[in-house]
Every structure is written in C-alpha cells, then in structure tokens.
Amino acid sequence: MSSPRPVRHRVFHDPGYFSSYLDKLETKSKKYKKYWTVLRGNELFFQMTSRDPTYIEKLSLENFVSVENDNSHNNTQQYFFILKLKTGETKFEAYSSEAREQWKGYIHTVAKLEIPKLDFLPGQICSLQEVLDEEMKRLPKPTSSPPPLPPTRSRPPTPELEQSVYDDVENQQLSCFYNVSRVEAEAMLEKNVEFGNMLMRPNTDNKNFSITTRQEFNNKSVIKHYRISCVDNGYVIEIDDGILCNSKQDVINLFVQQTKGVLKPLEIPKDYEMNLSYVQEDAESGELIHRNLHTLNLSPAKTTIEPGIPKESPPAQSKTQQLATPSQSSTLPALSRAVNAELNLKLMQRRAAMYD
C-alpha cells in the first residue's frame, strides 16, 4: 500500500540568483506566511524550507511595474515592501533592512534588465552585474524576421503547460476517513486492531483534519494525533517545518511510506453484516417484511432447538396422534408457509421412524 512521497511541482531548471526567507501576504487568509523564496530567472519560487527540491508556488515577473517599500506600517522594526505587477500587487516582509534592499535590487535587475540606482556597496553592484549578464544569456535572442503564424482556424489550441497538482476530488471519500471525535477514534482503533492502526477524522474546528494512530509498545497502547491543515494549494502536515501534500490520499500515503508500512489505514470490511436480520412473508398480505434481530425479542436459550428425543418422556399417545400433532418448536416463522409445511412433514416422518 506504500507509495512514493507526493510530488509538489517540477524541479528547477533556471539558475538561482538570490534566496532567503520572506514572509508573503496570503490572498485568502490575509496573513503573512513564511517561505524560503528563490529568484530563478524572472520568477519567484516559494518553498516550505531551503532543503526542498521542489516548490509549492511561483510568481512571474513578466508584467513587472515596480518594487518599492511599503510605508503603510507604523512599526519601523519591520521591513515591508510591495511588488507591483500589471496583474496586481504582492506584499512581502524581509527579516532585515539589508535583505529588503537586496530583494528590491535583484528583482528590478532581472525584471527591467538594468541595475537600479540604489545605495549598494561595490561588491553588491558586481553581484547585480553578474546576474544581469547571466539573465541576458538565458533569454532567447530576438530574430529579425519571425516566421509567420499559421492561420487561426488551422492553429491548434495551446495546451496548458502546467496544471495545478493540488486538484483534490473532495467528494471521493477515503476508506480510512471516519466522521468521529478524538475519543471515538481511539476507541475504533482499539476495537479493530486487525483492520489497521491509523485513521483520518475531522478536527475540532470542522475546517481542518487530524490523523490518529495507535500502536502497542511494551504491552501499552501508544496513541498519537497529528494536525492536518487545509491551505490554498493542498494539505500541510504540521510536523517539523510542515510537509505539504497535494491531497488527503497523499497524506495517508506519506504516513504509510515514511513508516515503511508500520502504520496501516483502518479499513473496516463493509461486506459483512453487523446485525442479524431476515426477510419474512406476512401471513395475511403475503408482503415480504425485513426484520432485524432486536425486533425478535428472543433469548438465546429459546432460539436453540435440539434434534432428537425430548429429555422428558412425552405423555402416552398413539403413533397416529404423534404424527397428527406437530411440535410447536418445529414452526419456523422466518420461512414461507409452503416450506414450513414441507419441513414439518419431514420432521414428523423422522420422529415416527425413531419410535418404530
């Protein structure tokens, strides 16, 4: 059941010019979130940590307008700046005044292909010049006479180069997802040890999710709970610096893969009935009625019928009377009248043979 670690986005191909941690203002939550940010080519890539070989979001500088300080905050100990594009604005917070100025310089250099007039040291200006030279080499050289495009009718539609890998079909319910509380989850895992030791459930805020696991160690139960936060582009497992997964199924796969199959999703078989029930034909209307065990109101002692001679000797009767009077215990209410009559006849014949 194990599967490889969920892939976020493709690996990088363009060279990295500058990188550091930045706090980015999220569009939906309106809160700043910390990302390891890398300027690669003319795009900003956002990662959870500096060790990640993949990114979770990127921002193109193709429609660059300007990058400038954000003076709307009164706190002078915070270093905010705004990246303005033709398509909108994105606000950032750097962790020092020097880092903010460097970000402004590198972004301007790559987007405008010129070194900005900022208060930089000679070594910093040399670094910007190297980035500018590298970016000029990376960009395709313009041709003097570009080839004509084919007619609009025969031109095929441009395919989507990259689709979001965070598309999660929410209406596909996980087999190990149960709408239970924390206490109920612990009880389910304890009761169904043979079917798995891990399940996913809603969190107490009804917005995020939790993973509950149970293991036996030194004859003691070890129960753990993990918080799974829903974000704009997937699900984050709140451990270490956070692990982003594309879907809830990828969250489960990650737990299984990282524990080498020690943790197994709780999947209770649904092809077995949990309660005894039967279908009975109504004697008057002939309608078939589905009955559950709790409607029978029978004790176990009364439901067992021992074949053979009764423990107490029956009163003296002739064989003809014994054949003519069927035992009440031979009546089977769960069967149809025709089958009942046939079984009663066979039972009387068997008893007659025993008394012969």
# chains A, B, ... in the order shown; residues from 1 in each chain; ligands from 1

call {"tool": "residues_around", "arguments": {"residues": "Ser19 (chain A)", "least_positions_apart": "2", "cutoff": "8 Å", "atoms": "only C-alpha atoms", "output": "PDB file with C-alpha atoms, in the first residue's frame"}}
result
ATOM      1  CA  GLY A  16      19.043  30.789  -8.748  1.00  0.00           C
ATOM      2  CA  TYR A  17      20.141  34.412  -8.397  1.00  0.00           C
ATOM      3  CA  TYR A  21      13.282  33.658   3.901  1.00  0.00           C
ATOM      4  CA  TRP A  36      12.004  30.130   1.558  1.00  0.00           C
ATOM      5  CA  THR A  37      11.974  32.348  -1.535  1.00  0.00           C
ATOM      6  CA  VAL A  38      14.292  31.919  -4.526  1.00  0.00           C
ATOM      7  CA  LEU A  39      14.666  34.229  -7.525  1.00  0.00           C
TER       8      LEU A  39
END

call {"tool": "atom_distance", "arguments": {"atom1": "CA of Lys220 (chain A)", "atom2": "CA of Phe177 (chain A)"}}
result
25.0 Å

call {"tool": "select_by_dssp", "arguments": {"residues": "region 175-295 of chain A", "states": "alpha helix (DSSP H)", "output": "short mmCIF file (atom, residue, chain, number, x, y, z; two decimals) with N, CA, C and O atoms, in the first residue's frame"}}
result
data_model
loop_
_atom_site.label_atom_id
_atom_site.label_comp_id
_atom_site.auth_asym_id
_atom_site.auth_seq_id
_atom_site.Cartn_x
_atom_site.Cartn_y
_atom_site.Cartn_z
N ARG A 182 -12.13 12.65 18.71
CA ARG A 182 -10.84 12.11 19.13
C ARG A 182 -11.03 10.85 19.98
O ARG A 182 -10.36 9.84 19.76
N VAL A 183 -11.94 10.91 20.95
CA VAL A 183 -12.17 9.76 21.83
C VAL A 183 -12.73 8.58 21.04
O VAL A 183 -12.32 7.42 21.23
N GLU A 184 -13.68 8.85 20.15
CA GLU A 184 -14.26 7.79 19.33
C GLU A 184 -13.21 7.16 18.41
O GLU A 184 -13.24 5.95 18.15
N ALA A 185 -12.30 7.98 17.88
CA ALA A 185 -11.24 7.45 17.02
C ALA A 185 -10.34 6.49 17.79
O ALA A 185 -9.97 5.42 17.30
N GLU A 186 -9.98 6.85 19.02
CA GLU A 186 -9.14 5.97 19.84
C GLU A 186 -9.86 4.64 20.12
O GLU A 186 -9.25 3.57 20.08
N ALA A 187 -11.18 4.73 20.38
CA ALA A 187 -11.93 3.50 20.65
C ALA A 187 -12.05 2.63 19.40
O ALA A 187 -11.96 1.39 19.49
N MET A 188 -12.23 3.24 18.23
CA MET A 188 -12.31 2.47 16.98
C MET A 188 -11.02 1.73 16.70
O MET A 188 -11.03 0.56 16.31
N LEU A 189 -9.89 2.38 16.89
CA LEU A 189 -8.61 1.74 16.64
C LEU A 189 -8.35 0.59 17.61
O LEU A 189 -7.77 -0.43 17.25
N GLU A 190 -8.78 0.76 18.86
CA GLU A 190 -8.59 -0.29 19.86
C GLU A 190 -9.48 -1.50 19.56
O GLU A 190 -9.09 -2.64 19.76
N LYS A 191 -10.68 -1.25 19.06
CA LYS A 191 -11.65 -2.32 18.81
C LYS A 191 -11.36 -3.07 17.52
O LYS A 191 -11.71 -4.24 17.38
N LYS A 248 -5.70 14.54 0.36
CA LYS A 248 -5.81 13.79 1.60
C LYS A 248 -5.26 12.37 1.41
O LYS A 248 -4.69 11.81 2.34
N GLN A 249 -5.43 11.80 0.23
CA GLN A 249 -4.87 10.48 -0.02
C GLN A 249 -3.35 10.50 0.04
O GLN A 249 -2.71 9.57 0.53
N ASP A 250 -2.73 11.61 -0.44
CA ASP A 250 -1.27 11.73 -0.35
C ASP A 250 -0.81 11.83 1.10
O ASP A 250 0.29 11.39 1.43
N VAL A 251 -1.64 12.43 1.96
CA VAL A 251 -1.31 12.49 3.39
C VAL A 251 -1.21 11.07 3.95
O VAL A 251 -0.26 10.71 4.65
N ILE A 252 -2.23 10.25 3.64
CA ILE A 252 -2.23 8.87 4.11
C ILE A 252 -1.03 8.11 3.55
O ILE A 252 -0.33 7.38 4.26
N ASN A 253 -0.77 8.27 2.25
CA ASN A 253 0.35 7.57 1.62
C ASN A 253 1.68 7.95 2.26
O ASN A 253 2.58 7.11 2.39
N LEU A 254 1.81 9.23 2.64
CA LEU A 254 3.07 9.68 3.25
C LEU A 254 3.30 9.00 4.60
O LEU A 254 4.41 8.55 4.89
N PHE A 255 2.26 8.89 5.41
CA PHE A 255 2.40 8.21 6.70
C PHE A 255 2.80 6.75 6.50
O PHE A 255 3.65 6.23 7.22
N VAL A 256 2.17 6.08 5.53
CA VAL A 256 2.47 4.67 5.28
C VAL A 256 3.90 4.51 4.77
O VAL A 256 4.65 3.64 5.21
N GLN A 257 4.28 5.38 3.83
CA GLN A 257 5.60 5.25 3.21
C GLN A 257 6.72 5.58 4.19
O GLN A 257 7.74 4.88 4.25
N GLN A 258 6.54 6.64 4.99
CA GLN A 258 7.59 7.06 5.91
C GLN A 258 7.78 6.06 7.06
O GLN A 258 8.86 5.97 7.62
#

call {"tool": "residues_around", "arguments": {"residues": "region 83-91 of chain A", "least_positions_apart": "6", "cutoff": "8 Å", "atoms": "only C-alpha atoms", "output": "short mmCIF file (atom, residue, chain, number, x, y, z; two decimals) with all heavy atoms, in the first residue's frame"}}
result
data_model
loop_
_atom_site.label_atom_id
_atom_site.label_comp_id
_atom_site.auth_asym_id
_atom_site.auth_seq_id
_atom_site.Cartn_x
_atom_site.Cartn_y
_atom_site.Cartn_z
N LYS A 24 5.24 36.26 3.06
CA LYS A 24 4.38 36.67 1.96
C LYS A 24 2.94 36.79 2.46
O LYS A 24 2.44 35.93 3.17
CB LYS A 24 4.47 35.64 0.83
CG LYS A 24 3.53 35.87 -0.34
CD LYS A 24 3.77 34.82 -1.42
CE LYS A 24 2.71 34.85 -2.49
NZ LYS A 24 1.41 34.34 -1.98
N LEU A 25 2.26 37.86 2.08
CA LEU A 25 0.87 38.06 2.47
C LEU A 25 -0.03 37.17 1.61
O LEU A 25 -0.08 37.31 0.39
CB LEU A 25 0.47 39.53 2.30
CG LEU A 25 -0.95 39.91 2.72
CD1 LEU A 25 -1.15 39.66 4.21
CD2 LEU A 25 -1.26 41.36 2.37
N LEU A 61 7.63 37.55 -13.02
CA LEU A 61 7.92 38.99 -13.05
C LEU A 61 7.74 39.56 -14.45
O LEU A 61 8.20 40.67 -14.74
CB LEU A 61 9.35 39.24 -12.57
CG LEU A 61 9.71 38.71 -11.18
CD1 LEU A 61 11.17 38.98 -10.87
CD2 LEU A 61 8.82 39.33 -10.12
N ASN A 63 5.14 40.79 -15.99
CA ASN A 63 4.36 42.04 -16.02
C ASN A 63 4.81 43.00 -14.93
O ASN A 63 3.99 43.65 -14.28
CB ASN A 63 2.87 41.71 -15.86
CG ASN A 63 2.34 40.87 -17.00
OD1 ASN A 63 2.63 41.14 -18.16
ND2 ASN A 63 1.58 39.83 -16.68
N PHE A 64 6.12 43.09 -14.75
CA PHE A 64 6.68 43.92 -13.68
C PHE A 64 6.40 45.40 -13.91
O PHE A 64 6.51 45.92 -15.02
CB PHE A 64 8.20 43.68 -13.61
CG PHE A 64 8.90 44.54 -12.61
CD1 PHE A 64 8.91 44.19 -11.26
CD2 PHE A 64 9.57 45.69 -13.00
CE1 PHE A 64 9.57 44.97 -10.33
CE2 PHE A 64 10.23 46.48 -12.08
CZ PHE A 64 10.24 46.11 -10.73
N VAL A 65 6.03 46.09 -12.82
CA VAL A 65 5.83 47.54 -12.83
C VAL A 65 6.87 48.21 -11.95
O VAL A 65 7.62 49.09 -12.40
CB VAL A 65 4.41 47.92 -12.38
CG1 VAL A 65 4.25 49.44 -12.31
CG2 VAL A 65 3.36 47.31 -13.31
N SER A 66 6.93 47.80 -10.67
CA SER A 66 7.90 48.39 -9.75
C SER A 66 7.98 47.54 -8.49
O SER A 66 7.11 46.70 -8.23
CB SER A 66 7.50 49.83 -9.38
OG SER A 66 6.28 49.84 -8.65
N VAL A 67 9.02 47.77 -7.71
CA VAL A 67 9.17 47.17 -6.39
C VAL A 67 9.63 48.29 -5.47
O VAL A 67 10.61 48.98 -5.74
CB VAL A 67 10.16 45.98 -6.41
CG1 VAL A 67 11.51 46.38 -6.96
CG2 VAL A 67 10.27 45.37 -5.03
N GLU A 68 8.91 48.50 -4.37
CA GLU A 68 9.16 49.66 -3.51
C GLU A 68 8.80 49.33 -2.07
O GLU A 68 8.11 48.33 -1.79
CB GLU A 68 8.35 50.86 -4.00
CG GLU A 68 6.86 50.59 -4.10
CD GLU A 68 6.13 51.66 -4.88
OE1 GLU A 68 6.58 52.02 -5.98
OE2 GLU A 68 5.09 52.11 -4.36
N ASP A 70 7.01 49.43 1.51
CA ASP A 70 5.62 49.57 1.97
C ASP A 70 5.64 50.37 3.27
O ASP A 70 5.98 49.85 4.34
CB ASP A 70 5.00 48.18 2.18
CG ASP A 70 3.54 48.26 2.60
OD1 ASP A 70 2.99 49.37 2.62
OD2 ASP A 70 2.95 47.20 2.89
#

call {"tool": "atom_distance", "arguments": {"atom1": "CA of Cys245 (chain A)", "atom2": "CA of Gly196 (chain A)"}}
result
22.0 Å

call {"tool": "atom_distance", "arguments": {"atom1": "CA of Phe80 (chain A)", "atom2": "CA of Arg100 (chain A)"}}
result
7.5 Å

call {"tool": "closest_residue", "arguments": {"among": "A:Ser221, A:Arg201, A:Gly105, A:Phe92", "to": "Tyr32 (chain A)", "atoms": "only C-alpha atoms"}}
result
A:Phe92

call {"tool": "closest_residue", "arguments": {"among": "A:Pro116, A:Gly242, A:Pro122, A:Pro265", "to": "Lys34 (chain A)", "atoms": "only C-alpha atoms"}}
result
A:Gly242

call {"tool": "select_by_dssp", "arguments": {"residues": "region 60-288 of chain A", "states": "strand (DSSP E or B)", "output": "ChimeraX atom specification"}}
result
/A:60,64-69,79-85,88-94,177,198-202,209-217,220-231,234-237,243-245,265,277-281,288

call {"tool": "closest_residue", "arguments": {"among": "A:Asn218, A:Thr212, A:Ser277, A:Ser60", "to": "Ile107 (chain A)", "atoms": "only C-alpha atoms"}}
result
A:Ser60

call {"tool": "closest_residue", "arguments": {"among": "A:Gln102, A:Gln349, A:Asn42, A:Asn74", "to": "Ser20 (chain A)", "atoms": "only C-alpha atoms"}}
result
A:Gln102

call {"tool": "closest_residue", "arguments": {"among": "A:Lys224, A:Cys176, A:Lys207, A:Asp232", "to": "Leu266 (chain A)", "atoms": "only C-alpha atoms"}}
result
A:Cys176

call {"tool": "closest_residue", "arguments": {"among": "A:Glu134, A:His225, A:Gln78, A:Leu121", "to": "Ser97 (chain A)", "atoms": "only C-alpha atoms"}}
result
A:Gln78
